[in-house]
file model_15.txt (compact mmCIF, C-alpha atoms)
# COMPACT_ATOMS: atom_id res chain seq x y z
CA MET A 136 0.73 21.75 -18.28
CA ALA A 137 -2.11 21.14 -20.72
CA THR A 138 -1.46 23.15 -23.84
CA THR A 139 -4.33 21.99 -26.01
CA GLU A 140 -7.84 21.61 -24.76
CA HIS A 141 -8.03 17.84 -24.92
CA SER A 142 -4.47 16.83 -24.15
CA THR A 143 -5.38 15.35 -20.74
CA HIS A 144 -8.18 13.30 -22.26
CA GLN A 145 -6.04 11.30 -24.68
CA PRO A 146 -5.95 7.69 -23.52
CA ALA A 147 -2.49 6.18 -23.27
CA PRO A 148 -1.75 3.21 -25.54
CA LEU A 149 -2.67 -0.19 -24.11
CA SER A 150 0.90 -1.42 -24.64
CA LEU A 151 2.17 1.25 -22.23
CA TYR A 152 -0.01 -0.11 -19.42
CA LEU A 153 0.99 -3.71 -20.15
CA ALA A 154 4.68 -2.77 -20.26
CA THR A 155 4.32 -0.93 -16.93
CA PHE A 156 2.66 -3.99 -15.41
CA GLY A 157 5.49 -6.18 -16.72
CA MET A 158 8.07 -3.83 -15.25
CA LEU A 159 6.29 -3.82 -11.85
CA MET A 160 6.28 -7.64 -11.86
CA PHE A 161 9.95 -7.72 -12.78
CA LEU A 162 10.85 -5.30 -9.97
CA THR A 163 8.79 -7.38 -7.52
CA ILE A 164 10.94 -10.41 -8.38
CA VAL A 165 14.11 -8.31 -8.07
CA THR A 166 13.11 -7.01 -4.64
CA ILE A 167 12.37 -10.56 -3.39
CA LEU A 168 15.70 -11.89 -4.70
CA ALA A 169 17.51 -8.91 -3.17
CA GLY A 170 15.70 -9.56 0.12
CA PHE A 171 17.18 -13.06 0.38
CA HIS A 172 20.65 -11.64 -0.16
CA ASN A 173 22.55 -10.05 2.70
CA PHE A 174 23.74 -6.61 1.59
CA GLY A 175 24.40 -5.56 5.18
CA MET A 176 23.63 -1.89 5.74
CA TRP A 177 22.61 -1.51 2.09
CA SER A 178 19.70 -3.94 2.31
CA THR A 179 17.14 -1.32 3.32
CA PRO A 180 18.27 1.41 0.87
CA ILE A 181 18.15 -1.18 -1.95
CA ALA A 182 14.65 -2.38 -0.94
CA LEU A 183 13.38 1.19 -0.61
CA GLY A 184 15.04 2.19 -3.90
CA ILE A 185 13.23 -0.57 -5.79
CA ALA A 186 9.94 0.26 -4.03
CA GLY A 187 10.51 3.92 -4.95
CA VAL A 188 10.95 3.09 -8.64
CA LYS A 189 7.79 0.93 -8.54
CA ALA A 190 5.84 3.75 -6.85
CA ALA A 191 7.15 6.24 -9.44
CA LEU A 192 5.98 3.96 -12.28
CA VAL A 193 2.51 3.77 -10.73
CA VAL A 194 2.34 7.56 -10.21
CA VAL A 195 3.64 8.52 -13.65
CA ILE A 196 1.85 5.92 -15.81
CA PHE A 197 -1.13 4.40 -13.96
CA MET A 198 -2.01 7.64 -12.14
CA HIS A 199 -1.41 9.71 -15.30
CA GLY A 200 1.33 11.83 -13.77
CA TYR A 201 2.80 12.20 -17.27
CA SER A 202 -0.15 14.33 -18.37
CA SER A 203 -1.05 15.97 -15.06
CA SER A 204 -1.00 19.74 -14.64
CA SER A 205 1.97 21.39 -12.93
CA LEU A 206 -0.34 22.28 -10.05
CA THR A 207 -1.02 18.56 -9.51
CA TRP A 208 2.72 17.93 -9.52
CA VAL A 209 3.13 20.58 -6.82
CA ILE A 210 0.81 18.48 -4.64
CA ILE A 211 2.55 15.20 -5.52
CA LEU A 212 5.96 16.63 -4.66
CA ALA A 213 4.56 18.37 -1.56
CA SER A 214 3.38 15.00 -0.21
CA MET A 215 6.91 13.63 -0.52
CA PHE A 216 8.40 16.81 0.90
CA PHE A 217 6.23 16.72 4.03
CA LEU A 218 6.75 12.98 4.47
CA THR A 219 10.51 13.59 4.32
CA ILE A 220 10.19 16.32 6.95
CA MET A 221 8.16 14.05 9.22
CA LEU A 222 10.50 11.06 8.93
CA GLY A 223 13.74 13.01 8.59
CA LEU A 224 13.40 15.46 11.46
CA MET A 225 11.91 12.84 13.77
CA LEU A 226 14.73 10.42 13.00
CA SER A 227 17.40 13.11 13.40
CA ASP A 228 16.12 13.64 16.93
CA TYR A 229 16.20 9.94 17.84
CA VAL A 230 19.57 9.34 16.20
CA SER A 231 21.31 12.33 17.78
CA ARG A 232 19.91 12.03 21.30
CA GLY A 233 19.72 9.03 23.60
CA TRP A 234 15.99 8.70 24.09
CA ALA A 235 15.14 5.76 26.30
CA LEU A 236 12.45 3.96 24.33
CA MET B 911 -21.67 42.79 -10.56
CA SER B 912 -22.64 43.20 -14.19
CA ALA B 913 -19.54 41.29 -15.26
CA THR B 914 -20.62 38.35 -13.07
CA ASN B 915 -24.05 38.36 -14.63
CA GLU B 916 -22.61 38.23 -18.10
CA THR B 917 -20.48 35.21 -17.22
CA VAL B 918 -23.51 33.42 -15.84
CA GLN B 919 -25.41 34.10 -19.03
CA ASP B 920 -22.49 32.87 -21.12
CA HIS B 921 -22.63 29.58 -19.28
CA GLY B 922 -26.26 29.08 -20.06
CA GLN B 923 -25.67 29.20 -23.78
CA HIS B 924 -23.39 26.16 -24.15
CA HIS B 925 -23.91 24.11 -21.07
CA HIS B 926 -22.69 20.51 -21.16
CA LYS B 927 -24.86 18.25 -19.02
CA ASP B 928 -21.85 17.15 -16.93
CA LEU B 929 -20.35 20.62 -16.50
CA ALA B 930 -20.93 22.03 -13.03
CA HIS B 931 -22.05 25.62 -13.03
CA HIS B 932 -18.97 27.05 -11.33
CA PHE B 933 -16.54 25.81 -14.00
CA ASP B 934 -15.85 27.43 -17.36
CA THR B 935 -14.92 24.31 -19.29
CA LEU B 936 -14.96 20.53 -18.87
CA GLU B 937 -11.17 20.65 -19.03
CA GLN B 938 -10.99 23.05 -16.10
CA GLN B 939 -13.49 20.91 -14.17
CA HIS B 940 -11.43 17.77 -14.84
CA ASP B 941 -8.21 19.45 -13.69
CA ALA B 942 -9.89 20.74 -10.53
CA ASN B 943 -11.30 17.28 -9.75
CA THR B 944 -7.91 15.64 -10.22
CA LEU B 945 -6.20 18.29 -8.12
CA GLY B 946 -8.71 17.83 -5.31
CA MET B 947 -8.20 14.07 -5.33
CA TRP B 948 -4.43 14.48 -5.17
CA ALA B 949 -4.83 16.91 -2.25
CA PHE B 950 -6.80 14.19 -0.45
CA LEU B 951 -4.09 11.65 -1.28
CA LEU B 952 -1.50 14.02 0.21
CA THR B 953 -3.33 13.81 3.55
CA GLU B 954 -3.41 10.03 3.12
CA VAL B 955 0.35 9.93 2.60
CA LEU B 956 0.80 11.74 5.91
CA PHE B 957 -1.85 9.53 7.57
CA PHE B 958 0.10 6.39 6.71
CA GLY B 959 3.28 8.41 7.26
CA GLY B 960 2.63 8.44 11.02
CA LEU B 961 2.77 4.64 11.10
CA PHE B 962 5.82 4.60 8.82
CA ALA B 963 7.48 7.09 11.21
CA ALA B 964 6.78 4.84 14.22
CA TYR B 965 8.12 1.89 12.21
CA THR B 966 11.27 3.82 11.24
CA ILE B 967 12.10 4.82 14.81
CA TYR B 968 11.60 1.38 16.35
CA ARG B 969 13.25 -0.35 13.44
CA TYR B 970 16.26 1.91 14.00
CA LYS B 971 16.27 1.19 17.73
CA TYR B 972 15.63 -2.56 17.62
CA SER B 973 16.92 -3.53 14.19
CA ALA B 974 18.12 -7.02 15.19
CA MET B 975 14.84 -8.06 16.80
CA PHE B 976 12.82 -6.50 13.97
CA GLU B 977 14.69 -8.69 11.50
CA GLU B 978 14.09 -11.78 13.58
CA ALA B 979 10.41 -10.93 14.08
CA SER B 980 9.96 -10.23 10.35
CA ASN B 981 11.25 -13.72 9.65
CA HIS B 982 8.03 -15.07 11.21
CA LEU B 983 5.90 -13.65 8.40
CA ASP B 984 5.10 -15.71 5.31
CA ILE B 985 6.97 -14.26 2.31
CA THR B 986 5.13 -16.49 -0.18
CA LEU B 987 1.75 -15.13 0.91
CA GLY B 988 3.11 -11.58 1.00
CA ALA B 989 4.55 -11.91 -2.51
CA THR B 990 1.31 -13.49 -3.80
CA ASN B 991 -0.60 -10.50 -2.49
CA THR B 992 1.88 -8.10 -4.10
CA VAL B 993 1.23 -9.74 -7.48
CA ILE B 994 -2.55 -9.71 -6.93
CA LEU B 995 -2.54 -6.03 -5.98
CA ILE B 996 -0.39 -4.97 -8.95
CA LEU B 997 -2.76 -6.96 -11.20
CA SER B 998 -5.68 -5.06 -9.68
CA SER B 999 -3.85 -1.80 -10.40
CA LEU B 1000 -3.53 -2.84 -14.04
CA THR B 1001 -7.24 -3.68 -14.31
CA MET B 1002 -8.06 -0.35 -12.66
CA ALA B 1003 -5.86 1.49 -15.18
CA LEU B 1004 -7.71 -0.36 -17.95
CA ALA B 1005 -11.08 0.67 -16.43
CA VAL B 1006 -10.02 4.33 -16.54
CA ARG B 1007 -8.75 3.88 -20.09
CA CYS B 1008 -12.09 2.39 -21.18
CA SER B 1009 -13.92 5.35 -19.65
CA GLN B 1010 -11.63 7.66 -21.68
CA THR B 1011 -12.52 5.85 -24.90
CA GLY B 1012 -16.22 5.82 -24.03
CA ASN B 1013 -16.50 2.05 -23.51
CA SER B 1014 -18.94 2.07 -20.59
CA LEU B 1015 -19.51 -1.68 -20.54
CA TRP B 1016 -15.83 -2.51 -20.12
CA THR B 1017 -15.32 0.35 -17.67
CA GLY B 1018 -17.83 -1.40 -15.43
CA ARG B 1019 -16.36 -4.83 -16.09
CA TRP B 1020 -12.76 -3.84 -15.36
CA LEU B 1021 -13.93 -2.12 -12.17
CA LEU B 1022 -15.67 -5.30 -10.99
CA ILE B 1023 -12.59 -7.36 -11.90
CA THR B 1024 -10.55 -4.92 -9.79
CA ILE B 1025 -12.87 -5.58 -6.84
CA ALA B 1026 -12.48 -9.33 -7.43
CA PHE B 1027 -8.67 -9.06 -7.21
CA GLY B 1028 -9.07 -6.91 -4.10
CA LEU B 1029 -11.22 -9.61 -2.51
CA MET B 1030 -8.59 -12.21 -3.39
CA PHE B 1031 -6.00 -10.05 -1.65
CA LEU B 1032 -8.12 -9.88 1.51
CA GLY B 1033 -8.75 -13.63 1.30
CA VAL B 1034 -5.00 -14.29 1.38
CA LYS B 1035 -4.67 -11.74 4.18
CA TYR B 1036 -7.37 -13.58 6.15
CA VAL B 1037 -5.48 -16.90 5.87
CA GLU B 1038 -2.31 -15.12 6.92
CA TRP B 1039 -3.77 -13.23 9.88
CA LYS B 1040 -5.51 -16.38 11.09
CA HIS B 1041 -2.20 -18.27 11.12
CA ASP B 1042 -0.44 -15.32 12.78
CA TYR B 1043 -3.12 -15.37 15.46
CA HIS B 1044 -2.78 -19.09 16.06
CA ILE B 1045 0.97 -18.89 16.58
CA HIS B 1046 0.42 -16.02 19.04
CA LEU B 1047 1.95 -13.21 16.98
CA MET B 1048 -1.05 -11.01 17.73
CA PRO B 1049 -0.01 -8.59 20.50
CA GLY B 1050 -2.39 -8.75 23.42
CA LYS B 1051 -2.35 -7.84 27.08
CA ASP B 1052 -0.38 -11.01 27.91
CA TRP B 1053 2.47 -10.03 25.62
CA SER B 1054 4.44 -7.96 28.10
CA GLY B 1055 6.02 -8.17 31.52
CA LYS B 1056 6.66 -11.62 32.88
CA ASP B 1057 4.30 -13.37 30.49
CA TYR B 1058 6.48 -13.45 27.44
CA TRP B 1059 5.47 -16.98 26.57
CA HIS B 1060 3.68 -15.72 23.44
CA TRP B 1061 6.97 -14.92 21.80
CA GLN B 1062 8.44 -18.23 23.04
CA TYR B 1063 5.43 -19.96 21.49
CA ALA B 1064 5.92 -18.16 18.17
CA LYS B 1065 9.60 -19.12 18.12
CA LYS B 1066 8.74 -22.74 18.93
CA ALA B 1067 6.15 -22.78 16.13
CA LYS B 1068 8.75 -21.42 13.72
CA GLU B 1069 11.27 -24.11 14.78
CA MET B 1070 8.73 -26.87 14.25
CA GLU B 1071 7.82 -25.45 10.83
CA THR B 1072 11.46 -25.32 9.74
CA GLU B 1073 11.96 -28.86 11.02
CA ALA B 1074 8.97 -30.11 9.04
CA HIS B 1075 10.21 -28.35 5.90
CA LYS B 1076 13.63 -29.98 6.25
CA LYS B 1077 11.97 -33.39 6.41
CA GLY B 1078 10.12 -32.47 3.26
CA SER B 1079 6.65 -32.49 4.75
CA ALA B 1080 4.42 -29.52 4.19
CA GLU B 1081 2.29 -30.39 7.19
CA HIS B 1082 3.35 -29.35 10.64
CA SER B 1083 1.52 -29.20 13.94
CA LEU B 1084 1.46 -26.28 16.34
CA PRO B 1085 3.30 -26.45 19.65
CA ASN B 1086 1.39 -27.39 22.76
CA ARG B 1087 0.80 -24.31 24.86
CA ASN B 1088 1.50 -26.08 28.17
CA ASP B 1089 4.80 -27.44 26.85
CA VAL B 1090 5.90 -23.91 25.99
CA LEU B 1091 4.88 -22.65 29.42
CA ALA B 1092 6.78 -25.52 31.08
CA ASP B 1093 9.84 -24.89 28.88
CA ASN B 1094 9.81 -21.21 29.70
CA ASP B 1095 13.38 -20.76 30.85
CA PRO B 1096 13.45 -18.32 33.79
CA SER B 1097 17.15 -17.69 33.18
CA LEU B 1098 16.19 -15.73 30.04
CA GLY B 1099 15.04 -13.13 32.54
CA VAL B 1100 15.30 -9.49 31.55
CA ARG B 1101 16.72 -10.28 28.12
CA GLY B 1102 13.77 -12.56 27.35
CA ILE B 1103 11.33 -9.87 28.37
CA GLN B 1104 13.11 -7.24 26.26
CA GLU B 1105 13.19 -9.51 23.22
CA SER B 1106 9.53 -10.29 23.64
CA GLN B 1107 8.60 -6.63 23.95
CA GLN B 1108 10.65 -5.60 20.92
CA ALA B 1109 9.11 -8.37 18.81
CA ARG B 1110 5.72 -7.28 20.12
CA LEU B 1111 6.35 -3.77 18.76
CA PHE B 1112 7.11 -5.19 15.33
CA PHE B 1113 3.91 -7.22 15.25
CA LEU B 1114 1.89 -4.32 16.63
CA LEU B 1115 3.13 -2.21 13.70
CA TYR B 1116 2.57 -5.12 11.29
CA PHE B 1117 -1.07 -5.54 12.34
CA CYS B 1118 -1.76 -1.79 12.45
CA MET B 1119 -0.22 -1.07 9.05
CA THR B 1120 -1.71 -4.07 7.23
CA SER B 1121 -5.15 -3.56 8.77
CA LEU B 1122 -5.20 0.17 7.99
CA HIS B 1123 -4.26 -0.81 4.45
CA ALA B 1124 -7.02 -3.46 4.38
CA LEU B 1125 -9.51 -0.88 5.71
CA HIS B 1126 -8.64 1.34 2.75
CA MET B 1127 -9.37 -1.58 0.44
CA LEU B 1128 -12.79 -2.15 2.05
CA VAL B 1129 -13.64 1.53 1.53
CA GLY B 1130 -12.34 1.14 -2.03
CA PHE B 1131 -14.71 -1.79 -2.73
CA VAL B 1132 -17.74 0.33 -1.81
CA LEU B 1133 -16.58 3.33 -3.87
CA ILE B 1134 -15.54 1.24 -6.89
CA GLY B 1135 -18.89 -0.58 -6.69
CA ILE B 1136 -20.79 2.71 -6.83
CA ILE B 1137 -18.70 3.99 -9.76
CA ALA B 1138 -19.14 0.64 -11.56
CA TYR B 1139 -22.92 0.95 -11.14
CA PHE B 1140 -22.90 4.42 -12.71
CA ALA B 1141 -20.55 3.22 -15.46
CA TYR B 1142 -23.07 0.50 -16.41
CA GLN B 1143 -25.74 3.23 -16.41
CA GLY B 1144 -23.66 5.06 -19.02
CA ALA B 1145 -22.95 8.05 -16.79
CA TYR B 1146 -19.39 8.53 -18.08
CA SER B 1147 -18.06 9.66 -21.43
CA PRO B 1148 -14.70 10.72 -22.90
CA GLU B 1149 -15.72 14.32 -21.98
CA TYR B 1150 -16.61 13.40 -18.41
CA TYR B 1151 -14.89 10.53 -16.61
CA SER B 1152 -13.43 12.26 -13.52
CA PRO B 1153 -15.13 9.93 -11.00
CA VAL B 1154 -13.51 6.89 -12.67
CA GLU B 1155 -10.16 8.68 -12.84
CA ASN B 1156 -10.39 9.62 -9.14
CA ILE B 1157 -11.35 6.17 -7.88
CA GLY B 1158 -8.40 4.96 -9.96
CA LEU B 1159 -6.07 7.40 -8.20
CA TYR B 1160 -7.34 6.14 -4.85
CA TRP B 1161 -6.81 2.49 -5.75
CA HIS B 1162 -3.32 3.07 -7.14
CA PHE B 1163 -2.44 4.90 -3.92
CA VAL B 1164 -3.50 1.82 -1.92
CA ASP B 1165 -1.26 -0.23 -4.23
CA ILE B 1166 1.70 2.10 -3.60
CA VAL B 1167 1.30 1.74 0.18
CA TRP B 1168 1.54 -2.04 -0.21
CA ILE B 1169 4.57 -1.70 -2.51
CA PHE B 1170 6.39 -0.18 0.49
CA LEU B 1171 4.83 -2.41 3.16
CA PHE B 1172 5.87 -5.64 1.46
CA PRO B 1173 9.69 -5.20 1.64
CA LEU B 1174 9.56 -3.32 4.97
CA LEU B 1175 7.50 -5.96 6.79
CA TYR B 1176 8.10 -9.26 4.98
CA LEU B 1177 11.57 -9.09 3.43
CA LEU B 1178 13.37 -7.55 6.39
CA GLY B 1179 14.64 -10.83 7.79
CA ALA B 1180 14.58 -12.88 4.58
CA HIS B 1181 18.39 -13.02 4.35
CA MET B 1182 18.47 -14.80 7.72
CA GLY B 1183 17.15 -17.92 6.01
CA HIS B 1184 13.86 -19.75 6.32
call {"tool": "encode", "arguments": {"input": "model_15.txt", "output": "structure tokens"}}
result
Amino acid sequence: MATTEHSTHQPAPLSLYLATFGMLMFLTIVTILAGFHNFGMWSTPIALGIAGVKAALVVVIFMHGYSSSSLTWVIILASMFFLTIMLGLMLSDYVSRGWAL
Amino acid sequence: MSATNETVQDHGQHHHKDLAHHFDTLEQQHDANTLGMWAFLLTEVLFFGGLFAAYTIYRYKYSAMFEEASNHLDITLGATNTVILILSSLTMALAVRCSQTGNSLWTGRWLLITIAFGLMFLGVKYVEWKHDYHIHLMPGKDWSGKDYWHWQYAKKAKEMETEAHKKGSAEHSLPNRNDVLADNDPSLGVRGIQESQQARLFFLLYFCMTSLHALHMLVGFVLIGIIAYFAYQGAYSPEYYSPVENIGLYWHFVDIVWIFLFPLLYLLGAHMGH
């Protein structure tokens, strides 16, 4: 939550953006290397985990999540919540019942 | 009523040129703008979410064929595009930063550089889609039922490519369509049809997801172009840069979608070897 009047207007240091970019590049390489490796059933959770960290970096740094109001964070978290409901409940139905696709 | 009138009068006394009448302060206006943009992005998450849901279900049902089908996509091109898009996210973040520090010229420049990277991304995508089309990965009306030769053709093309790579030559020709039709082994029967249909689902999702993503980029080019024009006109300042911030949020969202699409579509079958 913004406490002082101009707290959301302070530009982040350039080095923070460059470091974030470097981290995103690094994680891209990691995800490719992991992709060529057979982790069996863990392959997808690992790939999604890395993608999740990358997405979090983009949201928090590039999209200024670190200085966003709590109301904005309610929306950010709500988007994930509803996406989880959509994927989770739909999948639970297909996993637990033998739908002929 | 009198209270409302007083507020209106208060506004008139210290009215910033960029402050809309219904906001008390620039800070409040900025927060409301950001919140509105995020609310729009929430609907976008669920918009793409529908396709991700379809992907999840069919991937769960036909995991083996999805892995095999994924192996037909070009990881090098996919990875190149991932790098290009993350670069464009960086330049977009720098554009927003310049608007925060009041550097209008570089706000405009970084925005145009962002568009340039976006165009590079679509250029790579064009090369990729064109190749996908030529090796019959594009699902069409012939892709189902008895006519599963498209998938046979794609597999043949993949074999020939692997063969050429083993011999160390980068060049490889495409299979002859009539040869594939003649080779079409009827004993594959029901299994062949099922395989073909499951692979078709993967490529249907691949084309839908990547083209919806590309459509978002095209919309982005227009919007970024407009904001860049106004930036060059000096419309933004450290007190008022919400439009730049919001176009940035949009572009980063498009980047995030690709961050998930890349491993889910391209890297799925990578461990099976190329």
call {"tool": "residues_around", "arguments": {"input": "model_15.txt", "residues": "region 181-191 of chain A", "least_positions_apart": "4", "cutoff": "12 Å", "atoms": "all atoms listed in the file", "output": "PyMOL selection string"}}
result
(chain A and resi 155-177+195-201+211-212+215) or (chain B and resi 992+996+999+1162-1178+1180)
call {"tool": "interface_residues", "arguments": {"input": "model_15.txt", "of": "chain B", "to": "chain A", "cutoff": "9 Å", "atoms": "all atoms listed in the file", "output": "PDB file with C-alpha atoms, keeping the file's coordinate frame"}}
result
ATOM      1  CA  GLU B 937     -11.170  20.650 -19.030  1.00  0.00           C
ATOM      2  CA  HIS B 940     -11.430  17.770 -14.840  1.00  0.00           C
ATOM      3  CA  ASP B 941      -8.210  19.450 -13.690  1.00  0.00           C
ATOM      4  CA  THR B 944      -7.910  15.640 -10.220  1.00  0.00           C
ATOM      5  CA  LEU B 945      -6.200  18.290  -8.120  1.00  0.00           C
ATOM      6  CA  GLY B 946      -8.710  17.830  -5.310  1.00  0.00           C
ATOM      7  CA  TRP B 948      -4.430  14.480  -5.170  1.00  0.00           C
ATOM      8  CA  ALA B 949      -4.830  16.910  -2.250  1.00  0.00           C
ATOM      9  CA  LEU B 951      -4.090  11.650  -1.280  1.00  0.00           C
ATOM     10  CA  LEU B 952      -1.500  14.020   0.210  1.00  0.00           C
ATOM     11  CA  THR B 953      -3.330  13.810   3.550  1.00  0.00           C
ATOM     12  CA  VAL B 955       0.350   9.930   2.600  1.00  0.00           C
ATOM     13  CA  LEU B 956       0.800  11.740   5.910  1.00  0.00           C
ATOM     14  CA  GLY B 959       3.280   8.410   7.260  1.00  0.00           C
ATOM     15  CA  GLY B 960       2.630   8.440  11.020  1.00  0.00           C
ATOM     16  CA  PHE B 962       5.820   4.600   8.820  1.00  0.00           C
ATOM     17  CA  ALA B 963       7.480   7.090  11.210  1.00  0.00           C
ATOM     18  CA  ALA B 964       6.780   4.840  14.220  1.00  0.00           C
ATOM     19  CA  THR B 966      11.270   3.820  11.240  1.00  0.00           C
ATOM     20  CA  ILE B 967      12.100   4.820  14.810  1.00  0.00           C
ATOM     21  CA  TYR B 968      11.600   1.380  16.350  1.00  0.00           C
ATOM     22  CA  TYR B 970      16.260   1.910  14.000  1.00  0.00           C
ATOM     23  CA  LYS B 971      16.270   1.190  17.730  1.00  0.00           C
ATOM     24  CA  ILE B 985       6.970 -14.260   2.310  1.00  0.00           C
ATOM     25  CA  ALA B 989       4.550 -11.910  -2.510  1.00  0.00           C
ATOM     26  CA  THR B 992       1.880  -8.100  -4.100  1.00  0.00           C
ATOM     27  CA  VAL B 993       1.230  -9.740  -7.480  1.00  0.00           C
ATOM     28  CA  ILE B 996      -0.390  -4.970  -8.950  1.00  0.00           C
ATOM     29  CA  LEU B 997      -2.760  -6.960 -11.200  1.00  0.00           C
ATOM     30  CA  SER B 999      -3.850  -1.800 -10.400  1.00  0.00           C
ATOM     31  CA  LEU B1000      -3.530  -2.840 -14.040  1.00  0.00           C
ATOM     32  CA  MET B1002      -8.060  -0.350 -12.660  1.00  0.00           C
ATOM     33  CA  ALA B1003      -5.860   1.490 -15.180  1.00  0.00           C
ATOM     34  CA  LEU B1004      -7.710  -0.360 -17.950  1.00  0.00           C
ATOM     35  CA  VAL B1006     -10.020   4.330 -16.540  1.00  0.00           C
ATOM     36  CA  ARG B1007      -8.750   3.880 -20.090  1.00  0.00           C
ATOM     37  CA  CYS B1008     -12.090   2.390 -21.180  1.00  0.00           C
ATOM     38  CA  GLN B1010     -11.630   7.660 -21.680  1.00  0.00           C
ATOM     39  CA  THR B1011     -12.520   5.850 -24.900  1.00  0.00           C
ATOM     40  CA  PRO B1148     -14.700  10.720 -22.900  1.00  0.00           C
ATOM     41  CA  GLU B1149     -15.720  14.320 -21.980  1.00  0.00           C
ATOM     42  CA  GLU B1155     -10.160   8.680 -12.840  1.00  0.00           C
ATOM     43  CA  GLY B1158      -8.400   4.960  -9.960  1.00  0.00           C
ATOM     44  CA  LEU B1159      -6.070   7.400  -8.200  1.00  0.00           C
ATOM     45  CA  HIS B1162      -3.320   3.070  -7.140  1.00  0.00           C
ATOM     46  CA  PHE B1163      -2.440   4.900  -3.920  1.00  0.00           C
ATOM     47  CA  ASP B1165      -1.260  -0.230  -4.230  1.00  0.00           C
ATOM     48  CA  ILE B1166       1.700   2.100  -3.600  1.00  0.00           C
ATOM     49  CA  VAL B1167       1.300   1.740   0.180  1.00  0.00           C
ATOM     50  CA  ILE B1169       4.570  -1.700  -2.510  1.00  0.00           C
ATOM     51  CA  PHE B1170       6.390  -0.180   0.490  1.00  0.00           C
ATOM     52  CA  PRO B1173       9.690  -5.200   1.640  1.00  0.00           C
ATOM     53  CA  LEU B1174       9.560  -3.320   4.970  1.00  0.00           C
ATOM     54  CA  LEU B1177      11.570  -9.090   3.430  1.00  0.00           C
ATOM     55  CA  LEU B1178      13.370  -7.550   6.390  1.00  0.00           C
ATOM     56  CA  GLY B1179      14.640 -10.830   7.790  1.00  0.00           C
ATOM     57  CA  ALA B1180      14.580 -12.880   4.580  1.00  0.00           C
ATOM     58  CA  HIS B1181      18.390 -13.020   4.350  1.00  0.00           C
ATOM     59  CA  MET B1182      18.470 -14.800   7.720  1.00  0.00           C
ATOM     60  CA  GLY B1183      17.150 -17.920   6.010  1.00  0.00           C
TER      61      GLY B1183
END
call {"tool": "residues_around", "arguments": {"input": "model_15.txt", "residues": "Ile1136 (chain B)", "least_positions_apart": "5", "cutoff": "12 Å", "atoms": "all atoms listed in the file", "output": "VMD selection string"}}
result
chain B and resid 1018 1021 to 1022 1025 1129 to 1131 1141 to 1143 1145 1153 to 1154 1157
call {"tool": "closest_residue", "arguments": {"input": "model_15.txt", "among": "B:Leu1128, B:Tyr1160, B:Tyr1150, B:Phe958", "to": "Thr935 (chain B)", "atoms": "all atoms listed in the file"}}
result
B:Tyr1150
call {"tool": "atom_distance", "arguments": {"input": "model_15.txt", "atom1": "CA of Gly1135 (chain B)", "atom2": "CA of Thr1017 (chain B)"}}
result
11.6 Å
call {"tool": "axis_aligned_box", "arguments": {"input": "model_15.txt", "around": "region 183-193 of chain A", "padding_each_side": "5 Å", "output": "AutoDock Vina command-line options"}}
result
--center_x 8.8 --center_y 2.8 --center_z -6.4 --size_x 22.5 --size_y 16.8 --size_z 21.7
call {"tool": "atom_distance", "arguments": {"input": "model_15.txt", "atom1": "CA of Ile994 (chain B)", "atom2": "CA of Phe1031 (chain B)"}}
result
6.3 Å
call {"tool": "atom_distance", "arguments": {"input": "model_15.txt", "atom1": "CA of Ala942 (chain B)", "atom2": "CA of Tyr1151 (chain B)"}}
result
12.9 Å
